[in-house]
>>> print(open('protein06.cif').read())   # mmCIF, C-alpha atoms (C1' of nucleotides)
data_coords
loop_
_atom_site.label_atom_id
_atom_site.label_comp_id
_atom_site.auth_asym_id
_atom_site.auth_seq_id
_atom_site.Cartn_x
_atom_site.Cartn_y
_atom_site.Cartn_z
CA MET A 8 134.77 32.37 60.95
CA LYS A 9 133.04 29.04 61.35
CA SER A 10 132.93 26.05 59.10
CA GLU A 11 131.98 22.44 59.53
CA PRO A 12 135.17 20.48 58.87
CA SER A 13 133.18 17.76 57.10
CA GLU A 14 132.41 20.44 54.52
CA PHE A 15 135.51 22.60 54.62
CA SER A 16 138.27 22.40 57.24
CA ILE A 17 141.54 24.18 57.91
CA ASP A 18 143.23 21.28 56.10
CA THR A 19 140.95 21.75 53.10
CA LEU A 20 142.10 25.34 52.91
CA TYR A 21 145.74 24.33 53.16
CA ALA A 22 145.26 21.91 50.26
CA ARG A 23 143.92 24.62 47.95
CA PRO A 24 146.20 26.25 45.37
CA LYS A 25 148.30 28.90 47.12
CA HIS A 26 146.59 27.72 50.34
CA THR A 27 143.89 30.21 49.44
CA ASP A 28 140.16 30.07 48.81
CA MET A 29 137.09 32.27 48.83
CA TRP A 30 134.78 32.09 51.83
CA ASP A 31 131.55 31.51 49.96
CA GLY A 32 128.02 30.49 50.82
CA VAL A 33 127.35 32.92 53.68
CA ARG A 34 123.61 33.60 53.56
CA ASN A 35 123.01 35.61 56.69
CA TYR A 36 122.74 39.39 56.49
CA GLN A 37 124.70 40.21 59.62
CA ALA A 38 127.53 37.96 58.52
CA ARG A 39 127.26 39.35 55.00
CA ASN A 40 127.65 42.89 56.27
CA MET A 41 130.86 41.99 58.03
CA LEU A 42 132.24 40.24 54.96
CA ARG A 43 131.27 43.17 52.78
CA ASP A 44 132.09 46.16 54.98
CA SER A 45 134.34 45.33 57.89
CA ILE A 46 136.86 42.73 56.86
CA LYS A 47 139.98 44.23 55.35
CA LYS A 48 142.98 42.93 53.51
CA ARG A 49 145.69 41.63 55.84
CA ASP A 50 143.22 41.09 58.69
CA LEU A 51 143.83 37.87 60.57
CA VAL A 52 140.97 35.45 61.15
CA PHE A 53 140.44 32.48 63.42
CA PHE A 54 139.20 29.34 61.68
CA TYR A 55 136.60 27.71 63.93
CA HIS A 56 135.49 24.13 63.42
CA SER A 57 131.81 23.71 64.26
CA ASN A 58 129.48 20.74 64.48
CA CYS A 59 132.22 18.14 64.69
CA ALA A 60 134.16 15.90 67.04
CA GLU A 61 136.61 18.56 68.22
CA ILE A 62 134.75 21.87 68.26
CA GLY A 63 136.95 24.93 68.56
CA ILE A 64 139.55 27.21 67.02
CA ALA A 65 141.81 25.24 64.72
CA GLY A 66 143.96 27.83 63.00
CA ILE A 67 144.61 31.26 61.59
CA MET A 68 143.92 32.68 58.15
CA GLU A 69 144.75 35.99 56.50
CA VAL A 70 142.47 38.07 54.30
CA VAL A 71 144.17 38.39 50.93
CA LYS A 72 141.27 39.88 48.98
CA GLU A 73 138.50 42.13 50.23
CA SER A 74 134.84 41.70 49.48
CA TYR A 75 133.47 40.93 46.06
CA PRO A 76 130.15 39.38 44.96
CA ASP A 77 129.67 35.71 45.84
CA PRO A 78 129.66 33.90 42.48
CA THR A 79 127.92 30.84 43.95
CA ALA A 80 124.79 32.97 44.38
CA PHE A 81 124.52 33.28 40.60
CA ASP A 82 125.06 29.60 39.79
CA PRO A 83 121.81 27.60 39.52
CA ASP A 84 123.79 24.39 40.00
CA ASP A 85 125.34 25.53 43.25
CA ALA A 86 123.83 24.60 46.60
CA HIS A 87 124.03 28.26 47.62
CA PHE A 88 122.28 29.59 44.52
CA ASP A 89 120.03 32.56 45.26
CA PRO A 90 117.76 33.58 42.38
CA ASN A 91 117.16 36.88 44.15
CA SER A 92 120.79 37.93 43.98
CA ASP A 93 121.03 40.03 40.85
CA PRO A 94 124.56 40.30 39.38
CA ALA A 95 123.86 43.99 38.79
CA ASN A 96 123.02 44.39 42.47
CA PRO A 97 124.59 41.46 44.32
CA ARG A 98 123.16 40.41 47.62
CA TRP A 99 125.95 38.15 48.91
CA PHE A 100 129.69 38.68 49.25
CA VAL A 101 132.89 36.75 49.84
CA VAL A 102 136.47 37.45 50.82
CA ASP A 103 139.54 35.42 49.92
CA LEU A 104 141.40 33.82 52.78
CA LYS A 105 144.86 32.33 52.90
CA PHE A 106 145.97 29.64 55.32
CA LYS A 107 148.41 31.12 57.81
CA ARG A 108 148.96 28.34 60.31
CA LYS A 109 147.23 25.76 62.43
CA LEU A 110 147.25 26.31 66.16
CA LYS A 111 149.53 23.93 68.03
CA ARG A 112 146.33 22.32 69.24
CA VAL A 113 142.63 23.02 68.80
CA ILE A 114 141.48 25.46 71.45
CA THR A 115 138.13 23.93 72.20
CA LEU A 116 134.84 25.69 72.76
CA HIS A 117 134.71 24.04 76.15
CA GLU A 118 138.04 25.59 77.07
CA LEU A 119 137.14 29.02 75.73
CA LYS A 120 134.07 29.00 77.96
CA SER A 121 136.20 28.36 81.03
CA HIS A 122 138.18 31.61 80.86
CA ALA A 123 136.87 34.81 82.42
CA PRO A 124 138.72 37.13 80.01
CA LEU A 125 136.67 35.62 77.19
CA ARG A 126 133.36 36.03 78.98
CA ASP A 127 132.12 38.67 76.52
CA MET A 128 133.32 36.97 73.36
CA ARG A 129 130.69 37.10 70.66
CA LEU A 130 131.26 33.45 69.91
CA LEU A 131 130.28 32.49 73.44
CA GLN A 132 127.06 34.46 73.70
CA LYS A 133 123.94 32.43 74.14
CA GLY A 134 122.12 31.48 70.99
CA ASN A 135 124.80 32.90 68.76
CA ARG A 136 124.75 31.32 65.33
CA LEU A 137 126.67 33.80 63.22
CA SER A 138 129.28 32.20 61.01
CA VAL A 139 131.32 35.40 60.82
CA MET A 140 131.89 37.51 63.90
CA PRO A 141 134.36 39.98 65.35
CA VAL A 142 137.10 39.10 67.84
CA GLN A 143 138.53 41.77 70.12
CA GLN A 144 142.29 42.25 70.09
CA SER A 145 142.43 41.37 73.79
CA GLU A 146 140.48 38.17 73.14
CA TRP A 147 142.72 37.28 70.23
CA ASP A 148 145.87 37.74 72.31
CA PHE A 149 144.46 35.82 75.24
CA ILE A 150 143.43 32.88 73.09
CA LEU A 151 146.87 32.66 71.54
CA SER A 152 148.38 32.71 75.02
CA LEU A 153 146.49 29.47 75.72
CA GLU A 154 148.31 27.63 72.97
"C1'" DG B 332 118.97 12.43 66.95
"C1'" DC B 333 117.27 16.11 69.89
"C1'" DC B 334 116.15 20.62 70.61
"C1'" DA B 335 116.91 25.69 71.85
"C1'" DA B 336 117.74 29.78 69.56
"C1'" DC B 337 117.35 32.47 65.87
"C1'" DG B 338 116.21 34.14 61.02
"C1'" DT B 339 112.98 34.26 57.25
"C1'" DT B 340 108.58 33.92 55.04
"C1'" DG B 341 104.09 35.12 54.10
"C1'" DG B 342 99.10 35.57 55.31
"C1'" DC B 343 96.37 38.83 57.42
"C1'" DG C 573 103.33 45.76 61.16
"C1'" DC C 574 102.26 41.46 63.57
"C1'" DC C 575 103.18 36.88 64.36
"C1'" DA C 576 102.69 31.82 63.44
"C1'" DA C 577 104.93 28.50 60.86
"C1'" DC C 578 108.84 26.84 59.14
"C1'" DG C 579 113.87 26.16 58.16
"C1'" DT C 580 118.63 26.33 59.78
"C1'" DT C 581 122.42 26.28 63.01
"C1'" DG C 582 125.13 23.98 66.05
"C1'" DG C 583 126.06 22.18 70.78
"C1'" DC C 584 125.11 18.23 73.23
#
>>> encode(input="protein06.cif", output="structure tokens")
Amino acid sequence: MKSEPSEFSIDTLYARPKHTDMWDGVRNYQARNMLRDSIKKRDLVFFYHSNCAEIGIAGIMEVVKESYPDPTAFDPDDAHFDPNSDPANPRWFVVDLKFKRKLKRVITLHELKSHAPLRDMRLLQKGNRLSVMPVQQSEWDFILSLE
DNA sequence: GCCAACGTTGGC
DNA sequence: GCCAACGTTGGC
């Protein structure tokens, strides 16, 4: 999952009560579908820092609560308010994530691109802009071996 | 700040 | 249903 650290970083998550927060504000249907349907409790998730000085994978989170409606979609004062999301038929979803650990160092995008075993990673495909995307087990293991 | 890639909107 | 216009993402 991607976030701009100027908005919300791995350290922001750590500073939250119980090191846990909801992953709100996703407003893309493909990403929504993954949040809603595919991501399960106890899944592990890479925290990717985008659009910043050191772009790459910064840490690991754990899903502690499966999908439920994104409350920010119902709040007119929230930047992610969506008047078309009806509480009776919510359009957007969140999961709760708990900080697990930071990687020993940020594994940068540049470095990820340099490794053949990661060639097919969703993150590295051209034009990819999804903020939530799957990681294969083999990719996960390989990335952690780079630490 | 630039711009390629992509998603969404809305007129027709 | 098509597609031009527009907005957003995110690396550089």
>>> closest_atom_pairs(input="protein06.cif", of="chain A", to="chain B", cutoff="10 Å", atoms="all atoms listed in the file", output="Markdown table")
| residue | atom | partner | partner_atom | distance |
| --- | --- | --- | --- | --- |
| A:Asn35 | CA | B:DG338 | C1' | 8.2 |
| A:Tyr36 | CA | B:DG338 | C1' | 9.5 |
| A:Lys133 | CA | B:DA336 | C1' | 8.2 |
| A:Gly134 | CA | B:DA336 | C1' | 4.9 |
| A:Asn135 | CA | B:DA336 | C1' | 7.8 |
| A:Arg136 | CA | B:DC337 | C1' | 7.5 |
| A:Leu137 | CA | B:DC337 | C1' | 9.8 |
>>> residues_around(input="protein06.cif", residues="range 88-102 of chain A", least_positions_apart="2", cutoff="7 Å", atoms="all atoms listed in the file", output="compact mmCIF listing (two decimals) with C-alpha atoms, in the frame of the given file")
# COMPACT_ATOMS: atom_id res chain seq x y z
CA MET A 29 137.09 32.27 48.83
CA TRP A 30 134.78 32.09 51.83
CA ASP A 31 131.55 31.51 49.96
CA ARG A 34 123.61 33.60 53.56
CA ARG A 39 127.26 39.35 55.00
CA LEU A 42 132.24 40.24 54.96
CA ARG A 43 131.27 43.17 52.78
CA VAL A 70 142.47 38.07 54.30
CA LYS A 72 141.27 39.88 48.98
CA GLU A 73 138.50 42.13 50.23
CA SER A 74 134.84 41.70 49.48
CA TYR A 75 133.47 40.93 46.06
CA PRO A 76 130.15 39.38 44.96
CA ASP A 77 129.67 35.71 45.84
CA THR A 79 127.92 30.84 43.95
CA ALA A 80 124.79 32.97 44.38
CA PHE A 81 124.52 33.28 40.60
CA ASP A 82 125.06 29.60 39.79
CA PRO A 83 121.81 27.60 39.52
CA ASP A 85 125.34 25.53 43.25
CA ALA A 86 123.83 24.60 46.60
CA LEU A 104 141.40 33.82 52.78
>>> residues_around(input="protein06.cif", residues="range 120-132 of chain A", least_positions_apart="2", cutoff="8 Å", atoms="only C-alpha atoms (C1' of nucleotides)", output="compact mmCIF listing (two decimals) with C-alpha atoms, in the frame of the given file")
# COMPACT_ATOMS: atom_id res chain seq x y z
CA LEU A 116 134.84 25.69 72.76
CA HIS A 117 134.71 24.04 76.15
CA GLU A 118 138.04 25.59 77.07
CA GLY A 134 122.12 31.48 70.99
CA ASN A 135 124.80 32.90 68.76
CA MET A 140 131.89 37.51 63.90
CA PRO A 141 134.36 39.98 65.35
CA VAL A 142 137.10 39.10 67.84
CA GLN A 143 138.53 41.77 70.12
CA GLU A 146 140.48 38.17 73.14
CA PHE A 149 144.46 35.82 75.24
>>> atom_distance(input="protein06.cif", atom1="CA of Phe15 in chain A", atom2="CA of Trp147 in chain A")
22.6 Å
>>> atom_distance(input="protein06.cif", atom1="CA of Asp50 in chain A", atom2="CA of Ile62 in chain A")
23.1 Å
>>> axis_aligned_box(input="protein06.cif", around="chain C", padding_each_side="8 Å", output="lines of an AutoDock Vina configuration file")
center_x = 114.2
center_y = 32.0
center_z = 65.7
size_x = 39.8
size_y = 43.5
size_z = 31.1
>>> resolve_selection(input="protein06.cif", expression="the PyMOL selection byres ((chain A and resi 69) around 8)", output="number ranges by chain")
A: 48-52, 67-68, 70-71, 104-107
